[in-house]
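S.K.: Supplied in structure tokens, the structure appears directly below.
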Amino acid sequence: MRNFKNTLFYIIVTGGFIWLMYWIIEQGKLLELGKKIVSPTSKDNQWIQFLSSLFHNLKHPLALLLFQIITIVLVARIFGWIFRKIGQPSVIGEIIAGIVLGPSLFGLYFPDMKDALFPLESLGNLKMLSQVGLILFMFVIGMELDLKVLKNKANEAVVISHASIVIPFALGIGLSYYIYDQFAPVGVEFLSFGLFMGIAMSITAFPVLARIVQERGIHKTRLGTIVITCAAADDITAWCLLAAVIAIVKAGSFVSAIYVIGLAILYVLMMLFVVKPFLKRIGDLYGKKDNVKKSVVAIFFLTLIVSAYLTEIIGIHALFGAFMAGAIMPDIAKFRNIFIEKVEDIAVILFLPLFFVFTGLNTNIGLINDPYLWKITGYIILVAVGGKFFGSALAAKFVGQNWRESLTIGALMNTRGLMELVVLNIGFELGVLSPKIFTMMVIMALVTTFMTGPALDIINFIFKTKNDIIPSEIKKDSKFKILISFGNNEKGKSLLRLANSLVKNQQEESNVTAMHLTLSDEMHAYNLEEYEKETFEPIINESKKLDQKITTIFKATGDIESDIADVAQEGQYDLVLVGLGKSIFEGTILGKVLGFTSRIINPDRLLDKFKGKEGLFENSPFDDRTRLIISKTKTPLGILIDKDLYQVQKVFVGLYSIGDVFLIDYAQKLIHNNNAIVTILDNNGHNKNNFTIQNSLVALEEKYPNNFEVFQLNRINKPFLIEQDLVIFSLDTWKKLVDDEVSWLTDVPSVLIIKP
């Protein structure tokens, strides 16, 4: 009755008001009488008007800006992915993407398309958005600085850091003396030109350096701590110097510069002794809560905007204010992490590529069209590397580091990346750097960042060392070794239970290693240790319940799949266990169109059709990570399709061919270590006809008569499968079952797929 009343009300209200609107429109047409109404009279005119309107909409500033953002983000992500795959920081690829979209390549070969995509009148909007992105990014950089590390290693760090600034700064000013006449813009004083050349030579890219340290696995070492500390001190000193240089350049006279610097000092004192205690008080009140109120978030973002505004008004650039606002954030890891998560993704993914393209539009490599100009570019690179690399290395050697550590510090401090581009764009915007010298310096920034990885490899090769995350005792161990690599805690606990069931009664003769790899782009140096502790805490607790000793490995990486394979190979593990990821298409219309209905995907048919010996997928919507792990890992690999695996007491092992005979070894381990009841599938009696399989089964039955049973294929049914805790297949057998679309696969519990 109630549904009928609701339906009747809906019909009356909607129908009545639709009729009312129709009546008003008809009455309104009577008002047109006596007026000249312009409207197309033919279908052709209507079509032309539509096309004209569409073309006009495409040229609208907002539509153009949105199309620019779409193009820039896509190209930046593609180039970033390519460079990450070749072992370089993704920021290099994103910088090159910006150069590619500029006059150096896109504008050179497709000038009309480049002008249509980036017309001159649209660059103002692009510039403002990129500046907003930089303000947000510098806020994150300030928050990522862990000032506590400066207290522990302050003496060594300050010596190395300041040497790595003063030496290249002096060399930069010296170089500017020789190139001022030819390359300085008209009307620019030597002091301004020299100071900007000096500061540009002195910058270190703290974010890129921190990620390289994490990826190399040296963040826990004494060397890693020193490098991070030096970079933090370098960042603070360099940005203070940059603020002073900007003040001098903008002021135009020494007296005005003193006033600007005086205001800047007052601003810094206010931020440190007034604003910081106020923010700390707010952090103490709200930092322990799971969610931060919007009013609190508003306070911190207003602090950021006001700080950036004040430094822009003072004359030391808004970016310094953003950096300062981040640096004085409450020293509560959870609190900072909340704000970083709110800001970083949109700043790095959406806004920073706009800055790279804006930089690329100002970078015209075609201007370096003479051997002499390339020689000058070479001198700039030589001075930059000589001052930063060798200046840092010599200072590190002086304070007591050995030559390997000193050269490593020099190579890392020579990384410039994004921070260099920020300085160069400020100089270009102020008119201190000409287009030619700007392009030369951008090339220098790319070269010095690109060379960091190869330089570290050469140093390690010369000194016969390797940054190894695998404990040496594991490598020397001759025990049965299992490596579990987990992404989330629940999968990690299931993998640990499975590993424990394989070695429970042989712990003296076995080793279990739990490894968590995370993308370095998603990590921050300031909370790395806390993140590692939180990640492994549930796994360690589970290991205590199981009475299972484990070794832990944690690493930030740019290539998770390759690192899993490398660690497995270098550690000489006997078995690697990983969880299977999910498809991004799971449960979507596209997934169903592709033929992967929820009945098959959830998650029983998780490996689609394999092709080739490497076990690669073709035309499959499932996660690329699992595919790559399968193809790259040469160690025996177990892929767990986890359906809440809490125990491994009843196990079903499918033997379909002679290639599956190795599964009997795993069945024996489960029986011996976990007293599991194992049922072996006899594929319609084929196993009896195979001498190798039959002998192995007879030996297993004689040794464990109460834990072993042979099962016929025709007896498999849903009740039997529901009783099992785990089903084990070889990779080739799983391929065959999936290709044949075996109906009973939809009823299986957790599945372990093993690649020998």
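By convention here, the chains of the structure tokens are called A, B, ... in the order presented, each chain's residues are numbered starting at 1, and ligands are numbered starting at 1 in the order presented.
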Skip A:Leu64 itself and residues of its chain fewer than 3 positions away, then list as a count of residues only all residues within 12 Å of it, counting only C-alpha atoms.
M.R.: 22
S.K.: Just list the residues in stretch 135-301 of chain A DSSP gives helix (DSSP H, G or I) on the backbone, as number ranges by chain.
M.R.: A: 135-144, 148-152, 154-183, 190-202, 206-215, 222-251, 254-286, 294-301
S.K.: Pick out the closest residue to A:Leu382 from this set: A:Leu456, A:Met201, A:Leu361, A:Ile630. Count only C-alpha atoms.
M.R.: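 Between A:Leu456, A:Met201, A:Leu361, A:Ile630, the residue approaching A:Leu382 most closely is A:Met201.
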S.K.: One decimal, in Å: what's the spacing between atom CA of A:Thr363 and atom CA of A:Met440?
M.R.: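 Going from atom CA of A:Thr363 over to atom CA of A:Met440, I get 8.8 Å.
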S.K.: State, in Å with one decimal place, the distance from atom CA of A:Ile173 to atom CA of A:Gly198.
M.R.: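 It comes out at 5.1 Å.
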S.K.: Rank nothing, just name the residue among A:Glu429, A:Asp235, A:Asp331, A:Asp112 nearest to A:Lys250, using only C-alpha atoms.
M.R.: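 Checking each of A:Glu429, A:Asp235, A:Asp331, A:Asp112 against A:Lys250, counting only C-alpha atoms, the winner is A:Glu429.
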S.K.: Quick one: residues within 6 Å of stretch 552-558 of chain A, only C-alpha atoms counted, chain neighbours fewer than 4 positions away excluded, as JSON, numbers by chain?
M.R.: {"A": [214, 215, 513, 514, 515, 516, 517, 518, 519, 520]}
S.K.: May I have the selected residues written with N, CA, C and O atoms, as a PDB file, in the first residue's frame?
M.R.:
ATOM      1  N   GLN A 214      66.902   5.184  -0.423  1.00  0.00           N
ATOM      2  CA  GLN A 214      65.960   4.125  -0.052  1.00  0.00           C
ATOM      3  C   GLN A 214      66.051   2.950  -1.019  1.00  0.00           C
ATOM      4  O   GLN A 214      66.094   1.788  -0.616  1.00  0.00           O
ATOM      5  N   GLU A 215      66.068   3.242  -2.323  1.00  0.00           N
ATOM      6  CA  GLU A 215      66.100   2.183  -3.335  1.00  0.00           C
ATOM      7  C   GLU A 215      67.398   1.382  -3.272  1.00  0.00           C
ATOM      8  O   GLU A 215      67.410   0.191  -3.587  1.00  0.00           O
ATOM      9  N   THR A 513      61.989 -15.939   5.621  1.00  0.00           N
ATOM     10  CA  THR A 513      62.242 -14.507   5.511  1.00  0.00           C
ATOM     11  C   THR A 513      60.979 -13.823   5.026  1.00  0.00           C
ATOM     12  O   THR A 513      60.397 -14.222   4.008  1.00  0.00           O
ATOM     13  N   ALA A 514      60.546 -12.804   5.754  1.00  0.00           N
ATOM     14  CA  ALA A 514      59.386 -12.003   5.348  1.00  0.00           C
ATOM     15  C   ALA A 514      59.894 -10.695   4.750  1.00  0.00           C
ATOM     16  O   ALA A 514      60.659  -9.973   5.390  1.00  0.00           O
ATOM     17  N   MET A 515      59.482 -10.414   3.527  1.00  0.00           N
ATOM     18  CA  MET A 515      59.982  -9.225   2.832  1.00  0.00           C
ATOM     19  C   MET A 515      58.811  -8.340   2.401  1.00  0.00           C
ATOM     20  O   MET A 515      57.805  -8.824   1.883  1.00  0.00           O
ATOM     21  N   HIS A 516      58.966  -7.056   2.633  1.00  0.00           N
ATOM     22  CA  HIS A 516      57.975  -6.079   2.154  1.00  0.00           C
ATOM     23  C   HIS A 516      58.711  -5.048   1.311  1.00  0.00           C
ATOM     24  O   HIS A 516      59.636  -4.385   1.778  1.00  0.00           O
ATOM     25  N   LEU A 517      58.291  -4.918   0.066  1.00  0.00           N
ATOM     26  CA  LEU A 517      58.841  -3.913  -0.835  1.00  0.00           C
ATOM     27  C   LEU A 517      57.765  -2.864  -1.082  1.00  0.00           C
ATOM     28  O   LEU A 517      56.593  -3.199  -1.272  1.00  0.00           O
ATOM     29  N   THR A 518      58.151  -1.619  -1.079  1.00  0.00           N
ATOM     30  CA  THR A 518      57.201  -0.549  -1.363  1.00  0.00           C
ATOM     31  C   THR A 518      57.809   0.393  -2.382  1.00  0.00           C
ATOM     32  O   THR A 518      59.035   0.557  -2.444  1.00  0.00           O
ATOM     33  N   LEU A 519      56.975   0.979  -3.218  1.00  0.00           N
ATOM     34  CA  LEU A 519      57.474   1.896  -4.236  1.00  0.00           C
ATOM     35  C   LEU A 519      58.085   3.126  -3.577  1.00  0.00           C
ATOM     36  O   LEU A 519      57.480   3.731  -2.684  1.00  0.00           O
ATOM     37  N   SER A 520      59.272   3.489  -4.021  1.00  0.00           N
ATOM     38  CA  SER A 520      59.974   4.618  -3.402  1.00  0.00           C
ATOM     39  C   SER A 520      59.218   5.924  -3.600  1.00  0.00           C
ATOM     40  O   SER A 520      59.337   6.838  -2.785  1.00  0.00           O
TER      41      SER A 520
END
S.K.: Quick one: everything within 8 Å of A:Cys230, counting only C-alpha atoms, minus sequence neighbours fewer than 3 positions away in the same chain. Send it as a ChimeraX atom specification.
M.R.: /A:157-158,160-161,226-227,233-234
S.K.: Select, from A:Leu446, A:Val132, A:Ile437, A:Leu66, the residue with the minimum atom-to-atom distance to A:Tyr309, counting only C-alpha atoms.
M.R.: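 Result for the nearest residue to A:Tyr309: A:Val132.
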S.K.: Identify, on the basis of only C-alpha atoms, every residue whose closest approach to A:Ala347 does not exceed 8 Å; exclude the query and any residue fewer than 3 positions from it along the same chain; express the result as a PyMOL selection string.
M.R.: chain A and resi 133-134+136-137+343-344+350-352
S.K.: Please produce a file of the residues just selected, as a short mmCIF file (atom, residue, chain, number, x, y, z; two decimals), in the first residue's frame, where the atoms kept are N, CA and C atoms.
M.R.:
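Generated output (part27.cif):
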data_model
loop_
_atom_site.label_atom_id
_atom_site.label_comp_id
_atom_site.auth_asym_id
_atom_site.auth_seq_id
_atom_site.Cartn_x
_atom_site.Cartn_y
_atom_site.Cartn_z
N GLY A 133 51.26 24.48 -7.93
CA GLY A 133 51.79 23.13 -7.71
C GLY A 133 53.13 23.15 -7.01
N LEU A 134 53.99 24.10 -7.40
CA LEU A 134 55.31 24.20 -6.76
C LEU A 134 55.18 24.62 -5.30
N LEU A 136 52.68 23.90 -3.29
CA LEU A 136 52.26 22.70 -2.56
C LEU A 136 53.42 21.71 -2.42
N PHE A 137 54.21 21.57 -3.49
CA PHE A 137 55.33 20.63 -3.46
C PHE A 137 56.40 21.07 -2.45
N VAL A 343 48.22 16.40 0.17
CA VAL A 343 48.81 17.37 -0.75
C VAL A 343 49.64 16.71 -1.85
N GLU A 344 50.42 15.69 -1.50
CA GLU A 344 51.48 15.24 -2.41
C GLU A 344 50.95 14.68 -3.72
N LEU A 350 49.51 15.94 -10.71
CA LEU A 350 48.76 16.89 -11.53
C LEU A 350 49.53 18.17 -11.83
N PHE A 351 50.09 18.81 -10.78
CA PHE A 351 50.66 20.14 -10.95
C PHE A 351 52.12 20.14 -11.40
N LEU A 352 52.95 19.25 -10.84
CA LEU A 352 54.38 19.30 -11.19
C LEU A 352 54.64 19.06 -12.68
#
S.K.: Under the rule that only C-alpha atoms are counted, which of A:Phe183, A:Phe536, A:Trp47, A:Phe320 is the nearest residue to A:Pro435?
M.R.: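 Using only C-alpha atoms, the shortest distance to A:Pro435 belongs to A:Phe183.
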